[in-house]
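Below is one structure, written out as structure tokens, with a few remarks after it.
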Amino acid sequence: MFKRLKQKVFQMKYKNFYPALSKLEGRVLEIGFGDGESFSYYSSDCEIFALEKSYKKIQAQKNSPTRYRNVKFFKSDAESLPFEEGFFDAVVVSFVLCSVNSLNMVMREIERVLRPGGKFILLEHIRSENGTIARFQDIFSRPYSWITKNCHPNRNPLLFINNSIFRFSNTVQIPYILGRIVFAQANKNKKGRGKP
């Protein structure tokens with residue numbers, strides 16, 4: 001089961017996620033960069049602001065022999081981003097929103113730091129559309145989150161993206177036995193809040 005899931009994630013990354021990263025320009029915030037595998041897919045035109053709440057992950061990247069020069073590291077929670085309003089041309093999250101403390105707060109922060117017209121790129125596993133599986137995810141979510149450092153398999157971050165502020169330009173979903181893997185790309189409306 002997990003082997004199939006890894007194959008689907010691999011497929012989504014190389015077909016959708018990494019190509020989207022390669023087209024970004026300007027200042028890019030990546031929230032929860034993990035092992036930094038995405039850094040090599042950004043264009044050299046990007047100035048990457050890499051944010052993690054784990055000091056160990058930041059130090060591992062700083063000490064890495066393959067450290068990327070155009071990456072700046074920041075330690076912070078996603079619910080309180082240490083950046084000015086409209087500072088970024090793009091914000092990227094990959095398998096992070098399943099484990100944040102407040103999806104609503106994180107999405108408000110992403111909205112705040114992203115400039116009008118900026119891009120938001122998301123890769124995540126989300127709640128199943130199958131009612132039976134979704135109910136199982138609800139029951140299983142709490143013990144699973146204790147085991148996996150706060151990962152919640154029953155979340156759907158797409159429901160927290162304000163459609164009056166963001167306009168989706170691309171969404172791809174792949175079902176798997178316990179839910180869906182989703183890639184989504186959206187632009188923040190140039191007028192900010194409210195419909196353009």
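Chains: A, B, ... in order of the structure tokens. Residues: from 1 per chain. Ligands: from 1, in order shown.
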
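Counting only C-alpha atoms, region 52-60 of chain A has the following residues at most 9 Å away, ignoring those fewer than 6 positions along the same chain: A:Glu30, A:Ile31, A:Gly32, A:Phe33, A:Gly34, A:Asp35, A:Gly36, A:Phe73, A:Phe74, A:Lys75, A:Ser76, A:Asp77, A:Ala78.
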
Residues within 9 Å of Glu109 (chain A), please, as a PDB file with N, CA and C atoms, in the first residue's frame. Count only C-alpha atoms; anything in the same chain fewer than 3 positions from it doesn't count.
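result_17.pdb was written with the following content:
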```pdb
ATOM      1  N   ALA A  78       4.465  28.181  10.766  1.00  0.00           N
ATOM      2  CA  ALA A  78       3.743  28.677   9.587  1.00  0.00           C
ATOM      3  C   ALA A  78       2.575  29.578   9.970  1.00  0.00           C
ATOM      4  N   GLU A  79       2.108  29.478  11.203  1.00  0.00           N
ATOM      5  CA  GLU A  79       0.976  30.296  11.648  1.00  0.00           C
ATOM      6  C   GLU A  79       1.363  31.756  11.914  1.00  0.00           C
ATOM      7  N   SER A  80       2.659  32.028  11.965  1.00  0.00           N
ATOM      8  CA  SER A  80       3.121  33.395  12.248  1.00  0.00           C
ATOM      9  C   SER A  80       4.380  33.670  11.431  1.00  0.00           C
ATOM     10  N   LEU A  81       4.197  34.004  10.169  1.00  0.00           N
ATOM     11  CA  LEU A  81       5.329  34.177   9.261  1.00  0.00           C
ATOM     12  C   LEU A  81       6.035  35.512   9.527  1.00  0.00           C
ATOM     13  N   GLU A  85       3.859  42.205   4.679  1.00  0.00           N
ATOM     14  CA  GLU A  85       2.712  41.993   3.793  1.00  0.00           C
ATOM     15  C   GLU A  85       3.129  42.169   2.331  1.00  0.00           C
ATOM     16  N   ASN A 104      -6.448  27.416   9.102  1.00  0.00           N
ATOM     17  CA  ASN A 104      -7.034  28.723   8.843  1.00  0.00           C
ATOM     18  C   ASN A 104      -5.995  29.833   9.024  1.00  0.00           C
ATOM     19  N   MET A 105      -5.229  29.772  10.113  1.00  0.00           N
ATOM     20  CA  MET A 105      -4.213  30.788  10.377  1.00  0.00           C
ATOM     21  C   MET A 105      -3.101  30.757   9.332  1.00  0.00           C
ATOM     22  N   VAL A 106      -2.691  29.563   8.937  1.00  0.00           N
ATOM     23  CA  VAL A 106      -1.627  29.437   7.941  1.00  0.00           C
ATOM     24  C   VAL A 106      -2.063  30.028   6.605  1.00  0.00           C
ATOM     25  N   ARG A 112      -1.459  36.925   3.363  1.00  0.00           N
ATOM     26  CA  ARG A 112      -0.886  38.207   3.788  1.00  0.00           C
ATOM     27  C   ARG A 112       0.475  38.480   3.140  1.00  0.00           C
ATOM     28  N   VAL A 113       1.362  37.468   3.130  1.00  0.00           N
ATOM     29  CA  VAL A 113       2.740  37.708   2.662  1.00  0.00           C
ATOM     30  C   VAL A 113       2.880  37.616   1.146  1.00  0.00           C
ATOM     31  N   LEU A 114       1.863  37.113   0.464  1.00  0.00           N
ATOM     32  CA  LEU A 114       1.915  36.970  -0.994  1.00  0.00           C
ATOM     33  C   LEU A 114       1.415  38.251  -1.652  1.00  0.00           C
TER      34      LEU A 114
END
```

Practice prompt. Go through A:Cys151, A:Ala184, A:Leu51, A:Ile161 one by one, measure the shortest atom-to-atom distance of each to Ala20 (chain A) using only C-alpha atoms, and give the residue with the smallest value.
Written response: A:Ala184

Item to complete: Write out as a ChimeraX atom specification all residues of chain A that backbone DSSP assigns to strand (DSSP E or B).
Response: /A:26-31,46-52,71-75,88-94,114-126,166-176,179-188

Fill in: 7 Å contact set for Ala186 (chain A), only C-alpha atoms, chain neighbours under 5 positions out, as a PyMOL selection string
chain A and resi 119-121+166-170

Output of the above residues as an mmCIF file, in the first residue's frame, restricted to C-alpha atoms:
```cif
data_model
loop_
_atom_site.group_PDB
_atom_site.id
_atom_site.type_symbol
_atom_site.label_atom_id
_atom_site.label_comp_id
_atom_site.auth_asym_id
_atom_site.auth_seq_id
_atom_site.Cartn_x
_atom_site.Cartn_y
_atom_site.Cartn_z
ATOM 1 C CA LYS A 119 1.502 32.358 -7.123
ATOM 2 C CA PHE A 120 0.583 29.773 -4.511
ATOM 3 C CA ILE A 121 1.718 26.182 -5.168
ATOM 4 C CA PHE A 166 -7.188 33.040 -4.923
ATOM 5 C CA ARG A 167 -7.956 31.897 -8.461
ATOM 6 C CA PHE A 168 -6.959 28.317 -9.315
ATOM 7 C CA SER A 169 -5.097 27.922 -12.595
ATOM 8 C CA ASN A 170 -4.315 24.201 -12.265
#
```

Practice prompt. Can you pull out every residue within 12 Å of region 2-8 of chain A, counting only C-alpha atoms, but drop anything in the same chain fewer than 5 positions away, and send it as a ChimeraX atom specification?
Written response: /A:13-16,123-125,172-183

Fill in: Residue neighbourhood Gly86 (chain A), 12 Å, only C-alpha atoms, exclusion window fewer than 4 positions, as a PyMOL selection string
chain A and resi 27-29+81+90-91+109-119+188+190-192

Practice prompt. Please return as an MDAnalysis selection string: the residues of region 67-183 of chain A that backbone DSSP assigns to alpha helix (DSSP H).
Written response: chainID A and resid 103:113 131:147

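CA of Asn101 (chain A) to CA of Arg155 (chain A) spans 11.7 Å [interatomic distance, one decimal].
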
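If you look at CA of Lys149 (chain A) and CA of Glu47 (chain A), they are 29.6 Å away from each other.
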
Item to complete: State, in Å with one decimal place, the distance from CA of Ser38 (chain A) to CA of Pro82 (chain A).
Response: 21.7 Å

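If only C-alpha atoms are the atoms counted, then among A:Ile165, A:Asn154, A:Gly131, A:Tyr68 the closest residue to Met107 (chain A) is A:Ile165.
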